[in-house]
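**Student:** Here you go, this is query-v5.csv (CSV, C-alpha atoms).
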```csv
chain,number,residue,atom,x,y,z
A,679,MET,CA,21.1,-45.3,-56.3
A,680,ARG,CA,18.6,-43.3,-58.2
A,681,PHE,CA,15.9,-44.2,-55.7
A,682,PHE,CA,18.1,-43.3,-52.8
A,683,SER,CA,18.9,-39.9,-54.1
A,684,ARG,CA,15.3,-39.2,-54.8
A,685,THR,CA,14.4,-40.2,-51.3
A,686,ARG,CA,17.0,-37.7,-50.0
A,687,ALA,CA,15.6,-35.0,-52.2
A,688,VAL,CA,12.2,-35.6,-50.7
A,689,ILE,CA,13.6,-35.5,-47.2
A,690,VAL,CA,15.5,-32.3,-48.0
A,691,THR,CA,12.3,-30.6,-49.3
A,692,ALA,CA,10.1,-32.0,-46.5
A,693,LEU,CA,12.3,-30.9,-43.6
A,694,PRO,CA,12.0,-27.2,-44.0
A,695,LEU,CA,8.2,-27.6,-44.4
A,696,LEU,CA,8.2,-29.5,-41.1
A,697,ALA,CA,10.3,-26.8,-39.5
A,698,LEU,CA,7.8,-24.2,-40.6
A,699,THR,CA,4.8,-26.1,-39.2
A,700,ALA,CA,6.5,-27.6,-36.1
A,701,CYS,CA,5.3,-24.8,-33.9
A,702,ALA,CA,2.0,-24.2,-35.6
A,703,ASN,CA,-1.1,-24.4,-33.6
A,704,GLN,CA,-2.8,-27.6,-34.7
A,705,GLN,CA,-6.1,-27.1,-32.9
A,706,PRO,CA,-9.1,-26.0,-35.0
A,707,ARG,CA,-10.0,-22.3,-35.2
A,708,LEU,CA,-12.5,-21.0,-32.7
A,709,TYR,CA,-14.2,-18.8,-35.3
A,710,GLY,CA,-15.1,-18.5,-39.0
A,711,TRP,CA,-13.5,-15.2,-39.9
A,712,GLY,CA,-14.9,-14.7,-43.3
A,713,ASN,CA,-13.8,-11.3,-44.5
A,714,TYR,CA,-14.0,-9.5,-41.1
A,715,GLN,CA,-10.4,-8.3,-40.9
A,716,GLN,CA,-10.3,-7.2,-44.6
A,717,GLU,CA,-13.5,-5.2,-44.1
A,718,VAL,CA,-12.1,-3.6,-41.0
A,719,TYR,CA,-9.0,-2.6,-43.0
A,720,GLN,CA,-11.2,-1.3,-45.8
A,721,TYR,CA,-13.1,0.8,-43.2
A,722,PHE,CA,-9.9,2.2,-41.7
A,723,LYS,CA,-8.4,3.1,-45.2
A,724,SER,CA,-11.6,5.1,-45.9
A,725,ASP,CA,-10.4,5.6,-49.5
A,726,ALA,CA,-13.9,5.5,-50.8
A,727,SER,CA,-13.1,2.5,-53.0
A,728,LYS,CA,-16.0,0.7,-51.5
A,729,SER,CA,-19.2,2.4,-50.3
A,730,PRO,CA,-20.7,1.6,-46.8
A,731,GLU,CA,-23.5,-0.2,-48.6
A,732,GLU,CA,-21.0,-2.4,-50.5
A,733,GLN,CA,-19.2,-3.1,-47.2
A,734,ILE,CA,-22.5,-4.1,-45.6
A,735,LEU,CA,-23.3,-6.4,-48.5
A,736,ALA,CA,-19.8,-8.0,-48.3
A,737,MET,CA,-20.2,-8.7,-44.6
A,738,GLN,CA,-23.7,-10.1,-45.0
A,739,GLU,CA,-22.5,-12.5,-47.6
A,740,SER,CA,-19.5,-13.5,-45.5
A,741,ALA,CA,-21.7,-14.1,-42.4
A,742,GLN,CA,-24.0,-16.4,-44.5
A,743,LYS,CA,-21.0,-18.4,-45.7
A,744,VAL,CA,-19.6,-18.7,-42.2
A,745,SER,CA,-22.9,-19.8,-40.7
A,746,ALA,CA,-23.4,-22.3,-43.6
A,747,LYS,CA,-20.2,-24.0,-42.5
A,748,GLY,CA,-21.5,-24.2,-38.9
A,749,GLN,CA,-18.8,-21.8,-37.6
A,750,LYS,CA,-19.2,-19.0,-35.1
A,751,LEU,CA,-18.6,-15.4,-36.2
A,752,PRO,CA,-15.6,-13.8,-34.3
A,753,PRO,CA,-15.8,-11.1,-31.7
A,754,GLY,CA,-16.5,-7.7,-33.3
A,755,PHE,CA,-18.1,-9.0,-36.5
A,756,HIS,CA,-21.7,-8.0,-35.5
A,757,ALA,CA,-20.5,-4.8,-33.8
A,758,HIS,CA,-18.7,-3.7,-37.0
A,759,LEU,CA,-21.7,-4.5,-39.1
A,760,GLY,CA,-23.7,-2.4,-36.6
A,761,LEU,CA,-21.4,0.5,-37.1
A,762,LEU,CA,-21.8,0.3,-40.9
A,763,TYR,CA,-25.6,0.2,-40.5
A,764,ALA,CA,-25.4,3.3,-38.3
A,765,SER,CA,-23.2,5.1,-40.9
A,766,THR,CA,-26.0,4.6,-43.5
A,767,GLY,CA,-28.7,5.8,-41.1
A,768,LYS,CA,-30.2,2.4,-40.4
A,769,GLU,CA,-30.2,2.8,-36.7
A,770,ASP,CA,-32.7,0.0,-35.9
A,771,LEU,CA,-30.4,-2.5,-37.7
A,772,ALA,CA,-27.4,-1.0,-36.0
A,773,VAL,CA,-29.1,-1.6,-32.6
A,774,ALA,CA,-30.0,-5.2,-33.5
A,775,GLU,CA,-26.3,-6.0,-34.4
A,776,LEU,CA,-25.0,-4.4,-31.2
A,777,GLU,CA,-27.5,-6.6,-29.3
A,778,ASN,CA,-26.2,-9.6,-31.2
A,779,GLU,CA,-22.7,-8.9,-30.2
A,780,LYS,CA,-23.8,-8.6,-26.6
A,781,THR,CA,-25.7,-11.9,-26.7
A,782,LEU,CA,-22.8,-13.8,-28.3
A,783,PHE,CA,-20.1,-12.2,-26.1
A,784,PRO,CA,-21.4,-11.1,-22.7
A,785,GLU,CA,-18.0,-9.6,-22.0
A,786,SER,CA,-19.0,-6.8,-24.5
A,787,ALA,CA,-22.1,-5.8,-22.5
A,788,GLY,CA,-20.5,-2.7,-20.8
A,789,TYR,CA,-19.3,-1.2,-24.0
A,790,MET,CA,-22.3,-2.2,-26.1
A,791,ASP,CA,-24.6,-0.6,-23.5
A,792,PHE,CA,-22.5,2.6,-23.7
A,793,LEU,CA,-23.0,2.6,-27.5
A,794,LEU,CA,-26.7,1.7,-27.4
A,795,ARG,CA,-27.4,4.6,-25.2
A,796,LYS,CA,-26.7,6.8,-28.2
A,797,TYR,CA,-29.4,5.1,-30.3
A,798,LYS,CA,-32.1,4.4,-27.7
A,799,LYS,CA,-33.2,7.9,-26.8
B,980,MET,CA,30.6,-37.2,-53.8
B,981,THR,CA,30.9,-33.6,-52.9
B,982,ILE,CA,27.3,-33.2,-53.6
B,983,SER,CA,26.4,-36.1,-51.2
B,984,ILE,CA,28.5,-34.5,-48.5
B,985,PHE,CA,26.7,-31.2,-49.1
B,986,ARG,CA,23.4,-33.0,-48.9
B,987,SER,CA,24.2,-34.7,-45.7
B,988,SER,CA,25.3,-31.5,-44.1
B,989,ALA,CA,22.1,-29.8,-45.3
B,990,ILE,CA,20.1,-32.5,-43.7
B,991,ALA,CA,22.1,-32.3,-40.5
B,992,LEU,CA,21.6,-28.5,-40.4
B,993,LEU,CA,17.9,-28.8,-41.0
B,994,LEU,CA,17.6,-31.3,-38.2
B,995,ALA,CA,19.4,-29.0,-35.9
B,996,LEU,CA,17.1,-26.2,-36.9
B,997,LEU,CA,14.1,-28.4,-36.2
B,998,ALA,CA,15.4,-29.3,-32.8
B,999,THR,CA,15.9,-25.7,-31.8
B,1000,GLY,CA,12.8,-24.3,-33.5
B,1001,CYS,CA,10.6,-24.7,-30.4
B,1002,ALA,CA,13.2,-24.3,-27.7
B,1003,THR,CA,12.1,-22.0,-24.9
B,1004,GLN,CA,14.1,-19.0,-23.9
B,1005,LYS,CA,14.3,-17.6,-20.4
B,1006,ALA,CA,11.0,-18.2,-18.8
B,1007,TYR,CA,8.7,-15.2,-18.6
B,1008,ASP,CA,7.2,-14.2,-15.3
B,1009,TYR,CA,3.5,-14.7,-15.7
B,1010,SER,CA,2.5,-14.2,-12.0
B,1011,ALA,CA,0.7,-10.8,-12.6
B,1012,PHE,CA,-1.0,-12.2,-15.8
B,1013,LYS,CA,-2.3,-15.3,-14.0
B,1014,ALA,CA,-3.5,-13.3,-11.0
B,1015,SER,CA,-5.4,-10.8,-13.3
B,1016,LYS,CA,-7.1,-13.5,-15.5
B,1017,PRO,CA,-8.2,-11.0,-18.2
B,1018,ARG,CA,-11.2,-12.1,-20.3
B,1019,SER,CA,-11.5,-9.1,-22.7
B,1020,ILE,CA,-8.9,-7.0,-24.4
B,1021,LEU,CA,-9.2,-3.4,-25.5
B,1022,VAL,CA,-6.6,-2.8,-28.3
B,1023,LEU,CA,-5.7,0.8,-28.5
B,1024,PRO,CA,-4.8,2.4,-31.9
B,1025,PRO,CA,-1.0,1.5,-32.3
B,1026,VAL,CA,1.5,4.3,-31.9
B,1027,ASN,CA,3.5,4.6,-35.1
B,1028,SER,CA,7.3,5.0,-34.8
B,1029,SER,CA,7.9,4.2,-38.5
B,1030,PRO,CA,7.9,6.7,-41.4
B,1031,ASP,CA,4.9,5.1,-43.1
B,1032,VAL,CA,1.6,6.8,-42.1
B,1033,ALA,CA,-0.3,3.6,-43.0
B,1034,ALA,CA,1.3,1.7,-40.1
B,1035,THR,CA,-1.2,2.5,-37.3
B,1036,TYR,CA,-4.3,1.2,-39.2
B,1037,GLY,CA,-2.5,-1.6,-41.1
B,1038,MET,CA,-1.5,-3.0,-37.7
B,1039,PHE,CA,-4.8,-2.2,-36.0
B,1040,ALA,CA,-6.8,-4.1,-38.6
B,1041,GLN,CA,-4.7,-7.2,-38.0
B,1042,VAL,CA,-4.8,-7.7,-34.2
B,1043,SER,CA,-8.3,-9.2,-33.7
B,1044,TYR,CA,-7.5,-12.6,-35.3
B,1045,PRO,CA,-4.6,-13.8,-33.1
B,1046,LEU,CA,-6.2,-12.4,-29.9
B,1047,ALA,CA,-9.6,-13.8,-30.4
B,1048,GLU,CA,-8.2,-17.2,-31.6
B,1049,SER,CA,-6.1,-17.2,-28.4
B,1050,GLY,CA,-9.4,-17.1,-26.5
B,1051,TYR,CA,-10.0,-13.4,-25.6
B,1052,TYR,CA,-12.9,-11.1,-26.4
B,1053,VAL,CA,-11.5,-8.3,-28.5
B,1054,LEU,CA,-13.4,-5.1,-28.4
B,1055,PRO,CA,-14.5,-4.2,-31.9
B,1056,VAL,CA,-11.5,-2.1,-33.2
B,1057,THR,CA,-13.5,0.1,-35.6
B,1058,LEU,CA,-16.0,1.1,-33.0
B,1059,VAL,CA,-13.3,1.7,-30.4
B,1060,ASP,CA,-11.6,4.0,-32.9
B,1061,GLU,CA,-14.8,5.9,-33.5
B,1062,THR,CA,-15.4,6.3,-29.8
B,1063,PHE,CA,-12.0,7.9,-29.3
B,1064,LYS,CA,-12.6,10.3,-32.3
B,1065,GLN,CA,-16.0,11.3,-31.0
B,1066,ASN,CA,-14.3,12.2,-27.7
B,1067,GLY,CA,-11.7,14.4,-29.5
B,1068,LEU,CA,-8.8,11.9,-29.3
B,1069,THR,CA,-7.3,11.4,-32.7
B,1070,THR,CA,-3.7,10.5,-32.2
B,1071,PRO,CA,-2.6,7.1,-30.9
B,1072,ALA,CA,-0.1,8.8,-28.6
B,1073,ASP,CA,-2.8,10.8,-26.9
B,1074,ILE,CA,-5.1,7.8,-26.7
B,1075,GLN,CA,-2.4,5.6,-25.1
B,1076,ASN,CA,-2.0,8.3,-22.5
B,1077,VAL,CA,-5.6,8.1,-21.3
B,1078,PRO,CA,-5.6,6.8,-17.7
B,1079,PRO,CA,-6.5,3.1,-17.6
B,1080,ALA,CA,-9.4,3.7,-15.1
B,1081,LYS,CA,-11.0,6.1,-17.6
B,1082,LEU,CA,-10.7,3.5,-20.4
B,1083,ARG,CA,-12.2,0.9,-18.2
B,1084,GLU,CA,-15.2,3.2,-17.4
B,1085,ILE,CA,-16.1,3.5,-21.1
B,1086,PHE,CA,-15.1,0.2,-22.6
B,1087,ASN,CA,-15.4,-2.1,-19.5
B,1088,ALA,CA,-12.5,-4.2,-20.7
B,1089,ASP,CA,-10.2,-6.2,-18.4
B,1090,ALA,CA,-7.0,-5.4,-20.1
B,1091,GLY,CA,-5.6,-2.8,-22.6
B,1092,LEU,CA,-3.1,-3.7,-25.3
B,1093,TYR,CA,-0.6,-0.9,-26.1
B,1094,ILE,CA,1.2,-1.5,-29.4
B,1095,ASP,CA,4.1,0.5,-30.9
B,1096,VAL,CA,4.9,-0.2,-34.5
B,1097,LYS,CA,8.7,0.2,-34.9
B,1098,LYS,CA,9.2,-0.7,-38.5
B,1099,TYR,CA,6.6,-0.7,-41.3
B,1100,GLY,CA,7.3,-0.7,-45.0
B,1101,SER,CA,9.7,-1.6,-47.8
B,1102,VAL,CA,13.4,-0.8,-48.2
B,1103,TYR,CA,15.0,-1.2,-51.6
B,1104,GLN,CA,18.4,-2.8,-51.2
B,1105,VAL,CA,20.3,-2.9,-54.6
B,1106,VAL,CA,19.2,-6.4,-55.7
B,1107,ASP,CA,16.2,-6.8,-53.5
B,1108,SER,CA,13.4,-5.0,-51.8
B,1109,VAL,CA,12.4,-6.1,-48.3
B,1110,THR,CA,9.2,-5.4,-46.5
B,1111,THR,CA,9.5,-5.5,-42.8
B,1112,VAL,CA,7.0,-5.0,-39.9
B,1113,THR,CA,8.2,-4.9,-36.3
B,1114,ALA,CA,6.0,-4.2,-33.3
B,1115,GLU,CA,6.2,-4.1,-29.6
B,1116,ALA,CA,3.2,-4.7,-27.3
B,1117,LYS,CA,2.3,-4.3,-23.6
B,1118,LEU,CA,-0.8,-5.8,-21.9
B,1119,ILE,CA,-2.0,-3.6,-19.0
B,1120,ASP,CA,-4.6,-4.5,-16.4
B,1121,LEU,CA,-7.1,-1.6,-16.7
B,1122,LYS,CA,-8.3,-2.0,-13.1
B,1123,THR,CA,-4.9,-1.6,-11.5
B,1124,GLY,CA,-2.6,-0.3,-14.3
B,1125,THR,CA,-0.3,-3.3,-13.7
B,1126,LEU,CA,1.9,-4.6,-16.6
B,1127,LEU,CA,0.7,-8.2,-17.3
B,1128,TRP,CA,2.9,-9.1,-20.3
B,1129,GLN,CA,5.1,-7.5,-22.9
B,1130,GLY,CA,6.6,-8.8,-26.1
B,1131,SER,CA,7.9,-7.9,-29.5
B,1132,ALA,CA,7.9,-9.6,-33.0
B,1133,THR,CA,9.1,-9.0,-36.5
B,1134,ALA,CA,8.3,-10.4,-39.9
B,1135,SER,CA,10.1,-9.8,-43.1
B,1136,SER,CA,9.5,-10.6,-46.8
B,1137,ASN,CA,13.1,-11.9,-47.2
B,1138,GLU,CA,12.7,-14.7,-44.8
B,1139,GLN,CA,11.5,-17.2,-47.4
B,1140,ASN,CA,13.7,-16.4,-50.5
B,1141,ASN,CA,17.3,-16.7,-49.5
B,1142,SER,CA,17.9,-19.1,-52.3
B,1143,ASN,CA,17.5,-17.5,-55.7
B,1144,SER,CA,18.3,-18.8,-59.1
B,1145,GLY,CA,18.7,-17.0,-62.5
B,1146,GLY,CA,21.9,-15.2,-61.8
B,1147,LEU,CA,22.3,-11.5,-61.4
B,1148,VAL,CA,19.9,-10.5,-64.1
B,1149,GLY,CA,17.3,-12.8,-62.6
B,1150,LEU,CA,17.9,-11.2,-59.2
B,1151,LEU,CA,17.5,-7.7,-60.6
B,1152,VAL,CA,14.2,-8.6,-62.4
B,1153,THR,CA,12.9,-10.1,-59.1
B,1154,ALA,CA,13.9,-7.0,-57.2
B,1155,ILE,CA,12.1,-4.7,-59.7
B,1156,VAL,CA,9.0,-6.8,-59.6
B,1157,LYS,CA,9.0,-7.0,-55.9
B,1158,GLN,CA,9.6,-3.2,-55.6
B,1159,ILE,CA,6.4,-2.7,-57.7
B,1160,VAL,CA,4.5,-5.0,-55.4
B,1161,ALA,CA,6.1,-3.8,-52.3
B,1162,SER,CA,5.5,-0.2,-53.0
B,1163,THR,CA,1.8,-0.8,-52.7
B,1164,THR,CA,0.7,-0.6,-49.1
B,1165,GLU,CA,-0.9,-4.0,-49.4
B,1166,SER,CA,2.4,-5.9,-48.9
B,1167,SER,CA,3.1,-4.0,-45.6
B,1168,TYR,CA,-0.5,-4.8,-44.5
B,1169,LYS,CA,0.0,-8.5,-45.2
B,1170,MET,CA,3.3,-8.5,-43.4
B,1171,ALA,CA,1.6,-6.8,-40.5
B,1172,GLY,CA,-0.6,-9.8,-40.3
B,1173,VAL,CA,2.4,-12.1,-39.9
B,1174,THR,CA,3.9,-9.9,-37.3
B,1175,SER,CA,0.6,-9.6,-35.4
B,1176,ASN,CA,0.2,-13.4,-35.4
B,1177,ARG,CA,3.7,-13.9,-34.1
B,1178,LEU,CA,3.3,-11.2,-31.4
B,1179,LEU,CA,-0.2,-12.0,-30.2
B,1180,THR,CA,-0.9,-15.8,-30.6
B,1181,ALA,CA,-1.0,-17.6,-27.3
B,1182,GLY,CA,1.2,-20.6,-26.7
B,1183,ARG,CA,4.4,-19.2,-28.3
B,1184,PRO,CA,7.6,-19.0,-26.2
B,1185,ASN,CA,7.2,-16.0,-23.8
B,1186,GLY,CA,3.9,-15.2,-25.6
B,1187,LEU,CA,0.4,-14.4,-24.3
B,1188,LEU,CA,-1.4,-17.0,-22.2
B,1189,TYR,CA,-4.6,-18.6,-23.5
B,1190,GLY,CA,-7.9,-16.8,-22.8
B,1191,PRO,CA,-11.2,-18.1,-21.5
B,1192,HIS,CA,-12.8,-18.9,-24.9
B,1193,SER,CA,-9.9,-21.3,-25.7
B,1194,PRO,CA,-10.1,-25.0,-24.8
B,1195,LYS,CA,-6.4,-24.6,-23.7
B,1196,TYR,CA,-7.4,-21.9,-21.1
B,1197,GLY,CA,-5.7,-22.5,-17.8
B,1198,SER,CA,-3.4,-25.1,-19.3
B,1199,ASP,CA,-0.4,-22.8,-19.5
```
What does the file become when written as structure tokens?
**Tutor:**
Amino acid sequence: MRFFSRTRAVIVTALPLLALTACANQQPRLYGWGNYQQEVYQYFKSDASKSPEEQILAMQESAQKVSAKGQKLPPGFHAHLGLLYASTGKEDLAVAELENEKTLFPESAGYMDFLLRKYKK
Amino acid sequence: MTISIFRSSAIALLLALLATGCATQKAYDYSAFKASKPRSILVLPPVNSSPDVAATYGMFAQVSYPLAESGYYVLPVTLVDETFKQNGLTTPADIQNVPPAKLREIFNADAGLYIDVKKYGSVYQVVDSVTTVTAEAKLIDLKTGTLLWQGSATASSNEQNNSNSGGLVGLLVTAIVKQIVASTTESSYKMAGVTSNRLLTAGRPNGLLYGPHSPKYGSD
């Protein structure tokens, strides 16, 4: 009797969990996101709680962790890092990151070339 | 005895929920989407129809994940925002009124995603505080201006805690604690992430189709 009621309790707890995961996408993620979206949010907030240099450092560390796991960085990661470099006056590094974005995602070429025209004068 | 009846009905109810959880609604017409085959998506800064000024950027910061994981190239949102600012376009409403052909000329993206944030933030309701984010989206072919897909989604902090113990005092304490947490913009930002994933993850009923970077591309 006791065992029975315990089994039921387990079922009752397990079912909602199943319900929550039933529609979840089971396939592995395409990219290692690291802190990309958090840093994007940080940039948009522009509340000066984190300097551009600190944001660059956070993204560099995140990129290393993602690469160490053998994952690919997501669309926009290199480009956003490039933007941060540009905002600190490091235009050669900015250009390199925009080129990285273009190499990894050829779909970005049109827009990256538009941006690169500003730096390559 | 009563308890066991209650339990059985709880199990039956949950099974019923499970069975309907993935049921498809009226089939969406994907013919324009399939003909267009977009590879890259330009997300425009979301229009904010909520009273919270943080809505546009809270939502904008959360859209890359579901779109890229669905197989699309997402144009880098921070750079896109800067490009508009440098061209004198600072409000989402003005930006979303730029002709698609002009957007394509600058960003060279296949499709544009136009988002309208309808609800964003927390409402204090006597014994609880609820954070809700609701958004609508339209995917437009930037070559032709054709509507490829539209959808809406919502997420709310009271979805998970309908059962609460501790009586009325417990409830009030929970509400106060949640209000403190909810009054920071962080909880709305997190909720925007849930809404964004529901709205923009491919493979959901009437959702977006998979993009070319996904192994499921062309299977839907």
**Student:** Between CA of Asp770 in chain A and CA of Leu794 in chain A, what is the distance in Å, rounded to a tenth?
**Tutor:** 10.5 Å
**Student:** Need the shell around range 739-756 of chain A: protein/DNA/RNA residues with any atom at most 6 Å away, counting only C-alpha atoms. Skip same-chain ones fewer than 3 positions apart. Format as an MDAnalysis selection string?
**Tutor:** (chainID A and resid 709:710 712 736 759 775 779) or (chainID B and resid 1055)
**Student:** Nearest to Gly760 in chain A: which of A:Lys728, A:Lys780, A:Arg707, A:Lys723 is it, counting only C-alpha atoms?
**Tutor:**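 Of A:Lys728, A:Lys780, A:Arg707, A:Lys723, the one nearest Gly760 in chain A is A:Lys780, counting only C-alpha atoms.
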**Student:** Near Asp1120 in chain B, counting all atoms listed in the file, which residues have an atom at most 12 Å away, once you skip same-chain residues fewer than 3 positions from it, shown as a PyMOL selection string?
**Tutor:** chain B and resi 1011-1021+1078-1080+1082-1083+1087-1093+1117+1123-1128
**Student:** Just how far from CA of Val1077 in chain B is CA of Ile1119 in chain B, in Å to one decimal?
**Tutor:**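 The value is 12.5 Å.
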**Student:** Calculate how many Å separate CA of Pro730 in chain A from CA of Pro1071 in chain B, rounding to one decimal.
**Tutor:**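 Separation of CA of Pro730 in chain A and CA of Pro1071 in chain B: 24.7 Å.
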**Student:** Name the residues in contact with range 1162-1174 of chain B at a cut-off of 6 Å, using only C-alpha atoms, excluding same-chain residues fewer than 4 positions from it; report them as JSON, numbers by chain.
**Tutor:** {"B": [1037, 1038, 1041, 1100, 1112, 1132, 1133, 1134, 1158]}
**Student:** Would you mind telling me which residue in A:Val718, A:Leu771, A:Leu776, A:Ile734 lies nearest to chain B when using only C-alpha atoms?
**Tutor:**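 Answer, going by the shortest atom-to-atom distance: A:Val718.
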**Student:** Identify which of the residues A:Leu762, A:Leu735, A:Ala772, A:Leu708 lies closest to chain B, counting only C-alpha atoms when measuring atom-to-atom distances.
**Tutor:** A:Leu708
**Student:** Ranking B:Lys1122, B:Ser1175, B:Pro1191, B:Tyr1044 by minimum distance to chain A and counting all atoms listed in the file, which one comes first?
**Tutor:**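 Of B:Lys1122, B:Ser1175, B:Pro1191, B:Tyr1044, the one nearest chain A, counting all atoms listed in the file, is B:Tyr1044.
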**Student:** Kindly provide, as an NGL selection string, the polymer residues lying within 12 Å of (1.0, -21.0, -25.0), counting all atoms listed in the file and using the coordinates exactly as they appear in the file.
**Tutor:** (:A and (701-703)) or (:B and (1001 or 1003 or 1007 or 1009 or 1048-1050 or 1177-1190 or 1193-1199))
**Student:** Write range 724-731 of chain A as a PDB file, in the coordinates of the input, completed to all heavy atoms.
**Tutor:**
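The file below, selection.pdb, is the result:
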```pdb
ATOM      1  N   SER A 724     -10.598   4.123 -45.454  1.00  0.00           N
ATOM      2  CA  SER A 724     -11.600   5.100 -45.900  1.00  0.00           C
ATOM      3  C   SER A 724     -11.144   5.867 -47.164  1.00  0.00           C
ATOM      4  O   SER A 724     -11.097   7.083 -47.230  1.00  0.00           O
ATOM      5  CB  SER A 724     -11.857   6.147 -44.745  1.00  0.00           C
ATOM      6  OG  SER A 724     -10.656   6.728 -44.290  1.00  0.00           O
ATOM      7  N   ASP A 725     -10.804   5.051 -48.182  1.00  0.00           N
ATOM      8  CA  ASP A 725     -10.400   5.600 -49.500  1.00  0.00           C
ATOM      9  C   ASP A 725     -11.513   5.697 -50.468  1.00  0.00           C
ATOM     10  O   ASP A 725     -11.301   5.939 -51.647  1.00  0.00           O
ATOM     11  CB  ASP A 725      -9.207   4.813 -50.045  1.00  0.00           C
ATOM     12  CG  ASP A 725      -9.564   3.352 -50.247  1.00  0.00           C
ATOM     13  OD1 ASP A 725     -10.719   2.973 -49.934  1.00  0.00           O
ATOM     14  OD2 ASP A 725      -8.700   2.593 -50.713  1.00  0.00           O
ATOM     15  N   ALA A 726     -12.747   5.442 -49.980  1.00  0.00           N
ATOM     16  CA  ALA A 726     -13.900   5.500 -50.800  1.00  0.00           C
ATOM     17  C   ALA A 726     -13.957   4.556 -51.985  1.00  0.00           C
ATOM     18  O   ALA A 726     -14.730   4.702 -52.920  1.00  0.00           O
ATOM     19  CB  ALA A 726     -14.144   6.970 -51.329  1.00  0.00           C
ATOM     20  N   SER A 727     -13.088   3.541 -51.944  1.00  0.00           N
ATOM     21  CA  SER A 727     -13.100   2.500 -53.000  1.00  0.00           C
ATOM     22  C   SER A 727     -14.275   1.597 -52.890  1.00  0.00           C
ATOM     23  O   SER A 727     -14.631   0.895 -53.813  1.00  0.00           O
ATOM     24  CB  SER A 727     -11.780   1.759 -53.043  1.00  0.00           C
ATOM     25  OG  SER A 727     -11.633   1.030 -51.851  1.00  0.00           O
ATOM     26  N   LYS A 728     -14.895   1.599 -51.714  1.00  0.00           N
ATOM     27  CA  LYS A 728     -16.000   0.700 -51.500  1.00  0.00           C
ATOM     28  C   LYS A 728     -17.016   1.487 -50.573  1.00  0.00           C
ATOM     29  O   LYS A 728     -16.651   1.924 -49.484  1.00  0.00           O
ATOM     30  CB  LYS A 728     -15.524  -0.528 -50.728  1.00  0.00           C
ATOM     31  CG  LYS A 728     -16.234  -1.807 -51.050  1.00  0.00           C
ATOM     32  CD  LYS A 728     -15.432  -2.954 -50.434  1.00  0.00           C
ATOM     33  CE  LYS A 728     -16.213  -4.251 -50.445  1.00  0.00           C
ATOM     34  NZ  LYS A 728     -15.465  -5.320 -49.742  1.00  0.00           N
ATOM     35  N   SER A 729     -18.245   1.670 -51.026  1.00  0.00           N
ATOM     36  CA  SER A 729     -19.200   2.400 -50.300  1.00  0.00           C
ATOM     37  C   SER A 729     -19.658   1.651 -49.020  1.00  0.00           C
ATOM     38  O   SER A 729     -19.516   0.427 -48.982  1.00  0.00           O
ATOM     39  CB  SER A 729     -20.447   2.725 -51.125  1.00  0.00           C
ATOM     40  OG  SER A 729     -21.173   1.533 -51.338  1.00  0.00           O
ATOM     41  N   PRO A 730     -20.211   2.327 -47.986  1.00  0.00           N
ATOM     42  CA  PRO A 730     -20.700   1.600 -46.800  1.00  0.00           C
ATOM     43  C   PRO A 730     -21.706   0.516 -47.175  1.00  0.00           C
ATOM     44  O   PRO A 730     -21.692  -0.559 -46.588  1.00  0.00           O
ATOM     45  CB  PRO A 730     -21.360   2.715 -45.976  1.00  0.00           C
ATOM     46  CG  PRO A 730     -20.679   3.971 -46.385  1.00  0.00           C
ATOM     47  CD  PRO A 730     -20.321   3.790 -47.828  1.00  0.00           C
ATOM     48  N   GLU A 731     -22.550   0.804 -48.183  1.00  0.00           N
ATOM     49  CA  GLU A 731     -23.500  -0.200 -48.600  1.00  0.00           C
ATOM     50  C   GLU A 731     -22.849  -1.453 -49.145  1.00  0.00           C
ATOM     51  O   GLU A 731     -23.266  -2.575 -48.861  1.00  0.00           O
ATOM     52  CB  GLU A 731     -24.482   0.384 -49.679  1.00  0.00           C
ATOM     53  CG  GLU A 731     -25.505   1.386 -49.159  1.00  0.00           C
ATOM     54  CD  GLU A 731     -24.931   2.790 -48.951  1.00  0.00           C
ATOM     55  OE1 GLU A 731     -23.767   3.035 -49.331  1.00  0.00           O
ATOM     56  OE2 GLU A 731     -25.655   3.653 -48.404  1.00  0.00           O
TER      57      GLU A 731
END
```
